[in-house]
$ cat structure17.pdb   # PDB, C-alpha atoms
ATOM      1  CA  MET B   1      55.587 -57.136  71.320
ATOM      2  CA  PRO B   2      58.207 -59.891  71.504
ATOM      3  CA  PRO B   3      61.824 -59.109  72.385
ATOM      4  CA  GLN B   4      64.499 -59.485  69.778
ATOM      5  CA  ALA B   5      64.892 -63.221  69.208
ATOM      6  CA  ASP B   6      68.198 -65.060  69.164
ATOM      7  CA  SER B   7      69.042 -65.304  65.484
ATOM      8  CA  SER B   8      72.305 -67.196  65.629
ATOM      9  CA  THR B   9      70.459 -69.825  63.616
ATOM     10  CA  ALA B  10      67.855 -67.539  62.095
ATOM     11  CA  GLU B  11      67.492 -66.720  58.445
ATOM     12  CA  THR B  12      66.579 -63.429  56.874
ATOM     13  CA  PRO B  13      62.848 -63.200  56.097
ATOM     14  CA  ASP B  14      63.171 -61.769  52.613
ATOM     15  CA  THR B  15      64.095 -63.700  49.499
ATOM     16  CA  PRO B  16      66.277 -61.434  47.343
ATOM     17  CA  GLU B  17      67.003 -61.905  43.679
ATOM     18  CA  ASN B  18      70.355 -62.089  41.961
ATOM     19  CA  SER B  19      71.352 -59.953  38.983
ATOM     20  CA  SER B  20      69.601 -62.273  36.557
ATOM     21  CA  GLY B  21      66.301 -61.821  38.378
ATOM     22  CA  ARG B  22      66.225 -65.347  39.799
ATOM     23  CA  ALA B  23      64.959 -65.666  43.351
ATOM     24  CA  LEU B  24      67.621 -66.516  45.912
ATOM     25  CA  LYS B  25      67.293 -68.759  48.937
ATOM     26  CA  ALA B  26      66.926 -67.022  52.282
ATOM     27  CA  ILE B  27      70.418 -66.119  53.440
ATOM     28  CA  PRO B  28      71.477 -67.140  56.984
ATOM     29  CA  GLU B  29      72.222 -64.220  59.293
ATOM     30  CA  ALA B  30      75.812 -65.313  59.870
ATOM     31  CA  THR B  31      76.354 -65.364  56.107
ATOM     32  CA  VAL B  32      74.942 -61.854  55.739
ATOM     33  CA  THR B  33      77.513 -60.640  58.268
ATOM     34  CA  ARG B  34      80.336 -62.272  56.309
ATOM     35  CA  LEU B  35      79.028 -60.855  53.020
ATOM     36  CA  ALA B  36      79.466 -57.388  54.511
ATOM     37  CA  VAL B  37      83.076 -58.263  55.366
ATOM     38  CA  TYR B  38      83.704 -59.528  51.829
ATOM     39  CA  LEU B  39      82.312 -56.270  50.467
ATOM     40  CA  ARG B  40      84.690 -54.250  52.618
ATOM     41  CA  VAL B  41      87.648 -56.314  51.403
ATOM     42  CA  LEU B  42      86.559 -55.978  47.782
ATOM     43  CA  GLY B  43      86.398 -52.226  48.217
ATOM     44  CA  GLN B  44      89.978 -52.214  49.445
ATOM     45  CA  LEU B  45      91.056 -54.396  46.519
ATOM     46  CA  ALA B  46      89.296 -52.118  44.041
ATOM     47  CA  GLU B  47      91.009 -49.079  45.521
ATOM     48  CA  GLY B  48      94.310 -50.871  44.997
ATOM     49  CA  GLY B  49      93.535 -51.461  41.324
ATOM     50  CA  ALA B  50      92.790 -55.206  41.524
ATOM     51  CA  GLU B  51      90.467 -56.505  38.812
ATOM     52  CA  THR B  52      90.165 -60.135  39.894
ATOM     53  CA  VAL B  53      90.667 -62.036  43.131
ATOM     54  CA  SER B  54      90.817 -65.774  43.851
ATOM     55  CA  SER B  55      88.591 -67.336  46.484
ATOM     56  CA  GLU B  56      91.705 -68.229  48.486
ATOM     57  CA  GLU B  57      92.961 -64.634  48.482
ATOM     58  CA  LEU B  58      89.569 -63.129  49.333
ATOM     59  CA  ALA B  59      88.958 -65.716  52.057
ATOM     60  CA  SER B  60      92.389 -65.148  53.608
ATOM     61  CA  VAL B  61      91.941 -61.391  53.887
ATOM     62  CA  ALA B  62      88.383 -61.814  55.194
ATOM     63  CA  GLY B  63      89.521 -64.294  57.849
ATOM     64  CA  VAL B  64      87.563 -67.353  56.674
ATOM     65  CA  ASN B  65      88.444 -70.493  54.736
ATOM     66  CA  SER B  66      87.861 -70.616  50.993
ATOM     67  CA  ALA B  67      85.194 -73.323  51.224
ATOM     68  CA  LYS B  68      83.070 -71.175  53.531
ATOM     69  CA  LEU B  69      83.533 -68.162  51.267
ATOM     70  CA  ARG B  70      82.424 -70.094  48.185
ATOM     71  CA  LYS B  71      79.387 -71.413  50.062
ATOM     72  CA  ASP B  72      78.505 -67.908  51.255
ATOM     73  CA  LEU B  73      78.743 -66.474  47.744
ATOM     74  CA  SER B  74      76.678 -69.338  46.333
ATOM     75  CA  HIS B  75      73.736 -67.937  48.328
ATOM     76  CA  ILE B  76      73.721 -64.930  46.024
ATOM     77  CA  GLY B  77      74.310 -66.983  42.877
ATOM     78  CA  SER B  78      77.883 -65.812  42.430
ATOM     79  CA  TYR B  79      80.505 -68.343  41.348
ATOM     80  CA  GLY B  80      84.106 -67.660  40.461
ATOM     81  CA  ILE B  81      85.788 -68.790  37.255
ATOM     82  CA  ARG B  82      88.264 -71.636  37.695
ATOM     83  CA  GLY B  83      91.797 -70.363  37.274
ATOM     84  CA  VAL B  84      90.631 -66.739  37.299
ATOM     85  CA  GLY B  85      88.613 -66.209  40.460
ATOM     86  CA  TYR B  86      86.045 -63.448  40.933
ATOM     87  CA  ASP B  87      85.730 -60.202  39.023
ATOM     88  CA  VAL B  88      86.181 -57.615  41.786
ATOM     89  CA  ALA B  89      83.901 -54.915  40.360
ATOM     90  CA  SER B  90      81.095 -57.342  39.454
ATOM     91  CA  LEU B  91      81.146 -59.120  42.823
ATOM     92  CA  GLN B  92      81.297 -55.799  44.636
ATOM     93  CA  HIS B  93      78.236 -54.571  42.741
ATOM     94  CA  GLU B  94      76.347 -57.796  43.413
ATOM     95  CA  LEU B  95      77.064 -57.689  47.140
ATOM     96  CA  GLU B  96      76.029 -54.043  47.335
ATOM     97  CA  ARG B  97      72.735 -54.905  45.675
ATOM     98  CA  VAL B  98      72.013 -57.922  47.884
ATOM     99  CA  LEU B  99      72.911 -55.982  51.043
ATOM    100  CA  GLY B 100      70.699 -53.068  50.007
ATOM    101  CA  LEU B 101      73.615 -50.714  49.466
ATOM    102  CA  ASP B 102      72.903 -49.844  45.844
ATOM    103  CA  HIS B 103      71.163 -46.749  47.203
ATOM    104  CA  PRO B 104      71.932 -44.705  50.350
ATOM    105  CA  GLN B 105      70.231 -45.618  53.617
ATOM    106  CA  ALA B 106      69.410 -42.480  55.594
ATOM    107  CA  VAL B 107      70.333 -42.849  59.271
ATOM    108  CA  ALA B 108      68.944 -41.102  62.352
ATOM    109  CA  LEU B 109      71.033 -41.024  65.528
ATOM    110  CA  VAL B 110      69.285 -40.541  68.858
ATOM    111  CA  GLY B 111      71.513 -39.546  71.767
ATOM    112  CA  VAL B 112      74.490 -37.322  71.027
ATOM    113  CA  GLY B 113      76.353 -37.580  74.308
ATOM    114  CA  ASN B 114      79.944 -38.814  74.370
ATOM    115  CA  LEU B 115      79.389 -41.961  72.305
ATOM    116  CA  GLY B 116      76.682 -40.443  70.135
ATOM    117  CA  HIS B 117      78.792 -37.386  69.351
ATOM    118  CA  ALA B 118      81.619 -39.652  68.212
ATOM    119  CA  LEU B 119      79.236 -41.657  66.030
ATOM    120  CA  ALA B 120      77.748 -38.494  64.547
ATOM    121  CA  GLY B 121      81.203 -37.235  63.668
ATOM    122  CA  TYR B 122      82.393 -40.484  62.100
ATOM    123  CA  GLY B 123      82.813 -39.903  58.377
ATOM    124  CA  GLY B 124      82.943 -43.567  57.432
ATOM    125  CA  PHE B 125      79.178 -44.056  57.564
ATOM    126  CA  GLY B 126      78.395 -41.725  54.696
ATOM    127  CA  GLY B 127      81.219 -43.119  52.596
ATOM    128  CA  ARG B 128      79.666 -46.562  52.832
ATOM    129  CA  GLY B 129      76.164 -45.478  51.930
ATOM    130  CA  PHE B 130      74.869 -44.712  55.442
ATOM    131  CA  PRO B 131      74.710 -40.915  55.709
ATOM    132  CA  VAL B 132      73.554 -39.652  59.096
ATOM    133  CA  THR B 133      70.769 -37.262  58.137
ATOM    134  CA  ALA B 134      69.052 -36.611  61.482
ATOM    135  CA  LEU B 135      70.254 -36.150  65.072
ATOM    136  CA  PHE B 136      68.126 -36.107  68.217
ATOM    137  CA  ASP B 137      68.606 -35.504  71.936
ATOM    138  CA  VAL B 138      66.759 -34.092  74.954
ATOM    139  CA  ASP B 139      69.615 -32.088  76.483
ATOM    140  CA  PRO B 140      68.834 -28.372  76.018
ATOM    141  CA  ASP B 141      72.578 -27.714  75.726
ATOM    142  CA  LEU B 142      72.720 -30.008  72.690
ATOM    143  CA  VAL B 143      69.411 -29.340  70.974
ATOM    144  CA  GLY B 144      69.947 -26.703  68.305
ATOM    145  CA  ILE B 145      73.695 -27.152  67.840
ATOM    146  CA  LYS B 146      75.159 -28.471  64.584
ATOM    147  CA  ILE B 147      77.305 -31.584  64.264
ATOM    148  CA  ASN B 148      78.792 -32.137  60.815
ATOM    149  CA  GLY B 149      76.321 -29.591  59.493
ATOM    150  CA  ILE B 150      73.260 -31.365  60.946
ATOM    151  CA  VAL B 151      71.109 -29.589  63.525
ATOM    152  CA  VAL B 152      70.346 -31.629  66.641
ATOM    153  CA  ARG B 153      66.564 -31.803  67.076
ATOM    154  CA  HIS B 154      64.584 -32.642  70.185
ATOM    155  CA  VAL B 155      63.511 -36.267  70.523
ATOM    156  CA  ARG B 156      59.908 -35.129  70.380
ATOM    157  CA  ASP B 157      60.501 -34.230  66.708
ATOM    158  CA  ILE B 158      61.264 -37.823  65.673
ATOM    159  CA  PRO B 159      57.721 -38.479  64.324
ATOM    160  CA  THR B 160      57.989 -35.600  61.856
ATOM    161  CA  GLU B 161      61.716 -35.323  61.143
ATOM    162  CA  CYS B 162      62.419 -38.993  60.379
ATOM    163  CA  PRO B 163      59.815 -39.342  57.616
ATOM    164  CA  ALA B 164      60.843 -35.970  56.188
ATOM    165  CA  ALA B 165      64.490 -37.087  56.029
ATOM    166  CA  GLY B 166      63.600 -40.503  54.596
ATOM    167  CA  VAL B 167      65.213 -42.289  57.548
ATOM    168  CA  THR B 168      65.454 -46.055  57.088
ATOM    169  CA  ILE B 169      67.838 -46.926  59.944
ATOM    170  CA  GLY B 170      67.875 -45.643  63.513
ATOM    171  CA  MET B 171      70.844 -45.716  65.881
ATOM    172  CA  ILE B 172      70.162 -45.467  69.606
ATOM    173  CA  ALA B 173      72.966 -44.200  71.853
ATOM    174  CA  THR B 174      70.906 -43.118  74.847
ATOM    175  CA  PRO B 175      71.023 -44.261  78.492
ATOM    176  CA  ALA B 176      69.305 -47.616  79.003
ATOM    177  CA  GLN B 177      66.234 -46.149  80.698
ATOM    178  CA  ALA B 178      65.454 -43.926  77.711
ATOM    179  CA  ALA B 179      66.127 -46.446  74.949
ATOM    180  CA  GLN B 180      62.731 -48.174  74.820
ATOM    181  CA  GLY B 181      60.817 -44.914  74.551
ATOM    182  CA  VAL B 182      63.129 -43.740  71.784
ATOM    183  CA  CYS B 183      62.774 -47.075  70.012
ATOM    184  CA  ASP B 184      58.975 -46.788  70.159
ATOM    185  CA  GLN B 185      59.140 -43.330  68.585
ATOM    186  CA  LEU B 186      61.434 -44.526  65.798
ATOM    187  CA  VAL B 187      59.162 -47.477  65.056
ATOM    188  CA  GLY B 188      56.154 -45.166  65.101
ATOM    189  CA  ALA B 189      57.953 -42.968  62.562
ATOM    190  CA  GLY B 190      58.290 -45.904  60.181
ATOM    191  CA  VAL B 191      61.868 -46.968  60.978
ATOM    192  CA  ARG B 192      62.181 -50.741  60.625
ATOM    193  CA  SER B 193      65.923 -51.259  61.281
ATOM    194  CA  ILE B 194      67.618 -50.211  64.516
ATOM    195  CA  LEU B 195      71.207 -50.385  65.756
ATOM    196  CA  ASN B 196      71.101 -50.290  69.554
ATOM    197  CA  PHE B 197      74.099 -49.124  71.598
ATOM    198  CA  ALA B 198      72.085 -48.812  74.812
ATOM    199  CA  PRO B 199      72.729 -51.585  77.378
ATOM    200  CA  THR B 200      69.211 -52.978  77.290
ATOM    201  CA  VAL B 201      67.091 -55.366  75.233
ATOM    202  CA  LEU B 202      64.452 -53.568  73.191
ATOM    203  CA  GLN B 203      60.893 -54.784  72.709
ATOM    204  CA  VAL B 204      59.950 -54.394  69.048
ATOM    205  CA  PRO B 205      57.255 -55.558  66.622
ATOM    206  CA  GLU B 206      58.000 -58.653  64.577
ATOM    207  CA  GLU B 207      58.747 -56.673  61.422
ATOM    208  CA  VAL B 208      61.457 -54.548  63.066
ATOM    209  CA  GLU B 209      65.088 -55.726  62.950
ATOM    210  CA  VAL B 210      67.368 -54.801  65.858
ATOM    211  CA  ARG B 211      71.095 -55.310  66.194
ATOM    212  CA  LYS B 212      72.699 -54.696  69.557
ATOM    213  CA  VAL B 213      76.201 -53.391  70.225
ATOM    214  CA  ASP B 214      77.178 -53.936  73.860
ATOM    215  CA  LEU B 215      80.836 -53.016  74.285
ATOM    216  CA  ALA B 216      80.860 -54.003  77.955
ATOM    217  CA  VAL B 217      79.685 -57.525  77.106
ATOM    218  CA  GLU B 218      82.384 -57.850  74.455
ATOM    219  CA  LEU B 219      85.042 -56.748  76.960
ATOM    220  CA  GLN B 220      83.737 -59.273  79.482
ATOM    221  CA  VAL B 221      83.990 -62.051  76.883
ATOM    222  CA  LEU B 222      87.551 -60.993  76.097
ATOM    223  CA  ALA B 223      88.367 -60.934  79.806
ATOM    224  CA  PHE B 224      87.109 -64.507  80.070
ATOM    225  CA  HIS B 225      89.469 -65.577  77.297
ATOM    226  CA  VAL B 226      92.375 -63.671  78.854
ATOM    227  CA  ALA B 227      91.750 -65.456  82.147
ATOM    228  CA  GLY B 228      91.455 -68.797  80.357
ATOM    229  CA  ARG B 229      94.803 -68.349  78.622
ATOM    230  CA  GLY B 230      96.437 -67.359  81.891
ATOM    231  CA  ASN B 231      95.109 -70.428  83.657
ATOM    232  CA  ALA B 232      96.096 -72.683  80.773
ATOM    233  CA  ALA B 233      99.623 -71.284  80.825
ATOM    234  CA  GLY B 234      99.829 -72.119  84.522
ATOM    235  CA  GLY B 235      98.576 -75.625  83.972
ATOM    236  CA  ILE B 236      95.277 -74.959  85.737
ATOM    237  CA  SER B 237      91.993 -75.851  84.089
ATOM    238  CA  PRO B 238      89.651 -72.869  84.597
ATOM    239  CA  ASP B 239      86.614 -73.974  86.599
ATOM    240  CA  VAL B 240      84.195 -71.395  85.250
ATOM    241  CA  PRO B 241      80.877 -71.764  83.469
ATOM    242  CA  ALA B 242      80.654 -71.148  79.750
ATOM    243  CA  VAL B 243      79.985 -67.525  78.905
ATOM    244  CA  ALA B 244      76.580 -67.052  77.325
ATOM    245  CA  ARG B 245      77.088 -64.463  74.639
ATOM    246  CA  VAL B 246      74.374 -62.324  73.068
ATOM    247  CA  VAL B 247      74.453 -63.023  69.354
ATOM    248  CA  ASN B 248      73.687 -60.951  66.303
ATOM    249  CA  GLY B 249      70.319 -60.410  64.720
ATOM    250  CA  ARG B 250      67.076 -59.633  66.530
ATOM    251  CA  ASN B 251      68.717 -60.129  69.907
ATOM    252  CA  GLY B 252      71.853 -58.732  68.261
ATOM    253  CA  SER B 253      75.489 -58.841  69.299
ATOM    254  CA  ALA B 254      78.305 -56.420  68.812
ATOM    255  CA  VAL B 255      78.992 -55.717  65.170
ATOM    256  CA  PRO B 256      82.171 -54.198  63.764
ATOM    257  CA  LEU B 257      82.047 -50.510  62.916
ATOM    258  CA  SER B 258      84.942 -50.716  60.477
TER     259      SER B 258
END

$ encode --input "structure17.pdb" --output "structure tokens"
Amino acid sequence: MPPQADSSTAETPDTPENSSGRALKAIPEATVTRLAVYLRVLGQLAEGGAETVSSEELASVAGVNSAKLRKDLSHIGSYGIRGVGYDVASLQHELERVLGLDHPQAVALVGVGNLGHALAGYGGFGGRGFPVTALFDVDPDLVGIKINGIVVRHVRDIPTECPAAGVTIGMIATPAQAAQGVCDQLVGAGVRSILNFAPTVLQVPEEVEVRKVDLAVELQVLAFHVAGRGNAAGGISPDVPAVARVVNGRNGSAVPLS
């Protein structure tokens, strides 16, 4: 089984359709990430009572330029009206459909230690259509307890519990040495999308999508930039090699939780 490939230039394998039923071009991975950001912003605008938003306003809040935003939205066949902009509710619905959020995605979390317990208790997942419906661990002190009303099951129960709960996404928050075995069990249970918090690269079949969140790597990248600014302020050109950063997709990079 190949490792997760670098998808900084990869495209998603599926060809979705827009609301009119027309097939869409494959959407680049980087665009998919930005579409999720646009959806979050639209949700905030809708909560504030906004009915329309210009491309300039939406792009500014999302942290991109308006040309990039319009190009991103063209991938899903959505174009604003000149002088009016985008209808917030309609664009929100379209993005939810393209991103697969028009129905809840049941999530299983494996590893409920310090990080896992925090993830299990985070209420924002369910509110965005990602309810955590199954929890697993091997610690006898954790197996059997309830977190947010969900009983923690033993990892050995993954093959039966995940299909029963309709799990579509797995989150792995185990130590590195246990992550591959857990991943294999999730894949064997039919889970085809995995968010990996363990500091290791997972080997998965071609049809399985993995995104990796490595907080230590992100801190190291930030430290590099801090050092670079300090050297630049002192008039010294930093003599350090470029930092090779793990990117999102099948060899995934850190993705925002908000």

$ closest_residue --input "structure17.pdb" --among "B:Ala227, B:Ala26, B:Ile150, B:Val88" --to "Ala165 of chain B" --atoms "all atoms listed in the file"
B:Ile150

$ closest_residue --input "structure17.pdb" --among "B:Glu206, B:Glu57, B:Asp141, B:Glu161" --to "Leu45 of chain B" --atoms "all atoms listed in the file"
B:Glu57

$ atom_distance --input "structure17.pdb" --atom1 "atom CA of Ala106 of chain B" --atom2 "atom CA of Gly77 of chain B"
28.0 Å

$ atom_distance --input "structure17.pdb" --atom1 "atom CA of Leu135 of chain B" --atom2 "atom CA of Leu109 of chain B"
5.0 Å

$ closest_residue --input "structure17.pdb" --among "B:Ile145, B:Val152, B:Tyr122, B:Ala108" --to "Ser193 of chain B" --atoms "only C-alpha atoms"
B:Ala108

$ atom_distance --input "structure17.pdb" --atom1 "atom CA of Glu218 of chain B" --atom2 "atom CA of Phe197 of chain B"
12.4 Å

$ residues_around --input "structure17.pdb" --residues "Pro163 of chain B" --least-positions-apart "6" --cutoff "10 Å" --atoms "all atoms listed in the file" --output "JSON, numbers by chain"
{"B": [186, 189, 190, 191]}

$ closest_residue --input "structure17.pdb" --among "B:Ala223, B:Leu58, B:Ile158, B:Val53" --to "Gly83 of chain B" --atoms "only C-alpha atoms"
B:Val53

$ closest_residue --input "structure17.pdb" --among "B:Gly144, B:Gly129, B:Gly188, B:Gly116" --to "Met171 of chain B" --atoms "all atoms listed in the file"
B:Gly116

$ resolve_selection --input "structure17.pdb" --expression "the PyMOL selection byres ((chain B and resi 176) around 7)" --output "PDB file with C-alpha atoms, in the coordinates of the input"
ATOM      1  CA  THR B 174      70.906 -43.118  74.847  1.00  0.00           C
ATOM      2  CA  PRO B 175      71.023 -44.261  78.492  1.00  0.00           C
ATOM      3  CA  GLN B 177      66.234 -46.149  80.698  1.00  0.00           C
ATOM      4  CA  ALA B 178      65.454 -43.926  77.711  1.00  0.00           C
ATOM      5  CA  ALA B 179      66.127 -46.446  74.949  1.00  0.00           C
ATOM      6  CA  ALA B 198      72.085 -48.812  74.812  1.00  0.00           C
ATOM      7  CA  PRO B 199      72.729 -51.585  77.378  1.00  0.00           C
ATOM      8  CA  THR B 200      69.211 -52.978  77.290  1.00  0.00           C
TER       9      THR B 200
END

$ closest_residue --input "structure17.pdb" --among "B:Ile169, B:Ala120, B:Ala164, B:Val112" --to "Leu142 of chain B" --atoms "only C-alpha atoms"
B:Val112

$ residues_around --input "structure17.pdb" --residues "His93 of chain B" --least-positions-apart "3" --cutoff "10 Å" --atoms "all atoms listed in the file" --output "list in words"
Ser19, Leu39, Leu42, Val88, Ala89, Ser90, Glu96, Arg97, Val98, Leu99, Leu101 and Asp102 of chain B

$ resolve_selection --input "structure17.pdb" --expression "the PyMOL selection byres ((chain B and resi 214) around 7)" --output "ChimeraX atom specification"
/B:197,199,212-213,215-218,253-254

$ write_last_selection --input "structure17.pdb" --atoms "C-alpha atoms" --output "mmCIF file, keeping the file's coordinate frame"
data_model
loop_
_atom_site.group_PDB
_atom_site.id
_atom_site.type_symbol
_atom_site.label_atom_id
_atom_site.label_comp_id
_atom_site.auth_asym_id
_atom_site.auth_seq_id
_atom_site.Cartn_x
_atom_site.Cartn_y
_atom_site.Cartn_z
ATOM 1 C CA PHE B 197 74.099 -49.124 71.598
ATOM 2 C CA PRO B 199 72.729 -51.585 77.378
ATOM 3 C CA LYS B 212 72.699 -54.696 69.557
ATOM 4 C CA VAL B 213 76.201 -53.391 70.225
ATOM 5 C CA LEU B 215 80.836 -53.016 74.285
ATOM 6 C CA ALA B 216 80.860 -54.003 77.955
ATOM 7 C CA VAL B 217 79.685 -57.525 77.106
ATOM 8 C CA GLU B 218 82.384 -57.850 74.455
ATOM 9 C CA SER B 253 75.489 -58.841 69.299
ATOM 10 C CA ALA B 254 78.305 -56.420 68.812
#

$ residues_around --input "structure17.pdb" --residues "Asp137 of chain B" --least-positions-apart "3" --cutoff "6 Å" --atoms "all atoms listed in the file" --output "ChimeraX atom specification"
/B:110-111,154-155

$ decode --input "structure17.pdb" --residues "segment 141-170 of chain B" --atoms "N, CA and C atoms" --output "short mmCIF file (atom, residue, chain, number, x, y, z; two decimals), in the first residue's frame"
data_model
loop_
_atom_site.label_atom_id
_atom_site.label_comp_id
_atom_site.auth_asym_id
_atom_site.auth_seq_id
_atom_site.Cartn_x
_atom_site.Cartn_y
_atom_site.Cartn_z
N ASP B 141 -8.78 2.10 31.99
CA ASP B 141 -9.36 3.17 32.80
C ASP B 141 -10.28 4.08 31.98
N LEU B 142 -10.16 4.00 30.66
CA LEU B 142 -10.99 4.83 29.79
C LEU B 142 -12.13 4.06 29.14
N VAL B 143 -11.86 2.80 28.81
CA VAL B 143 -12.89 1.98 28.17
C VAL B 143 -14.08 1.82 29.13
N GLY B 144 -15.25 2.17 28.63
CA GLY B 144 -16.46 2.05 29.43
C GLY B 144 -16.98 3.37 29.98
N ILE B 145 -16.11 4.40 30.03
CA ILE B 145 -16.59 5.69 30.52
C ILE B 145 -17.35 6.40 29.41
N LYS B 146 -18.10 7.44 29.76
CA LYS B 146 -18.83 8.22 28.77
C LYS B 146 -18.20 9.61 28.63
N ILE B 147 -18.07 10.05 27.39
CA ILE B 147 -17.63 11.40 27.09
C ILE B 147 -18.68 12.02 26.18
N ASN B 148 -19.29 13.09 26.64
CA ASN B 148 -20.40 13.71 25.88
C ASN B 148 -21.48 12.69 25.55
N GLY B 149 -21.73 11.78 26.49
CA GLY B 149 -22.80 10.81 26.30
C GLY B 149 -22.43 9.61 25.46
N ILE B 150 -21.18 9.53 24.99
CA ILE B 150 -20.75 8.41 24.14
C ILE B 150 -19.84 7.49 24.94
N VAL B 151 -20.14 6.21 24.94
CA VAL B 151 -19.34 5.24 25.67
C VAL B 151 -18.06 4.94 24.90
N VAL B 152 -16.93 4.98 25.59
CA VAL B 152 -15.65 4.64 24.98
C VAL B 152 -15.55 3.12 24.85
N ARG B 153 -15.40 2.64 23.63
CA ARG B 153 -15.26 1.21 23.36
C ARG B 153 -13.79 0.84 23.21
N HIS B 154 -13.53 -0.45 23.32
CA HIS B 154 -12.16 -0.93 23.10
C HIS B 154 -11.87 -0.91 21.60
N VAL B 155 -10.62 -0.66 21.26
CA VAL B 155 -10.20 -0.60 19.86
C VAL B 155 -10.58 -1.87 19.11
N ARG B 156 -10.59 -2.99 19.81
CA ARG B 156 -10.93 -4.24 19.14
C ARG B 156 -12.38 -4.24 18.59
N ASP B 157 -13.20 -3.30 19.07
CA ASP B 157 -14.59 -3.24 18.62
C ASP B 157 -14.79 -2.39 17.37
N ILE B 158 -13.71 -1.81 16.85
CA ILE B 158 -13.83 -0.97 15.65
C ILE B 158 -14.53 -1.69 14.50
N PRO B 159 -14.18 -2.95 14.19
CA PRO B 159 -14.79 -3.61 13.03
C PRO B 159 -16.31 -3.73 13.10
N THR B 160 -16.86 -3.79 14.32
CA THR B 160 -18.31 -3.92 14.44
C THR B 160 -18.99 -2.58 14.73
N GLU B 161 -18.36 -1.76 15.57
CA GLU B 161 -18.99 -0.51 16.00
C GLU B 161 -19.03 0.54 14.90
N CYS B 162 -17.98 0.64 14.10
CA CYS B 162 -17.95 1.68 13.06
C CYS B 162 -19.04 1.47 12.00
N PRO B 163 -19.19 0.27 11.46
CA PRO B 163 -20.29 0.07 10.51
C PRO B 163 -21.66 0.29 11.15
N ALA B 164 -21.82 -0.14 12.40
CA ALA B 164 -23.10 0.03 13.08
C ALA B 164 -23.45 1.50 13.27
N ALA B 165 -22.42 2.34 13.49
CA ALA B 165 -22.65 3.77 13.71
C ALA B 165 -22.62 4.56 12.41
N GLY B 166 -22.40 3.89 11.29
CA GLY B 166 -22.35 4.58 10.00
C GLY B 166 -21.18 5.52 9.87
N VAL B 167 -20.04 5.18 10.47
CA VAL B 167 -18.88 6.06 10.48
C VAL B 167 -18.32 6.23 9.07
N THR B 168 -18.12 7.49 8.68
CA THR B 168 -17.53 7.80 7.38
C THR B 168 -16.14 8.42 7.49
N ILE B 169 -15.84 8.99 8.67
CA ILE B 169 -14.55 9.65 8.89
C ILE B 169 -13.95 9.15 10.20
N GLY B 170 -12.68 8.83 10.17
CA GLY B 170 -11.98 8.41 11.39
C GLY B 170 -10.94 9.44 11.79
#
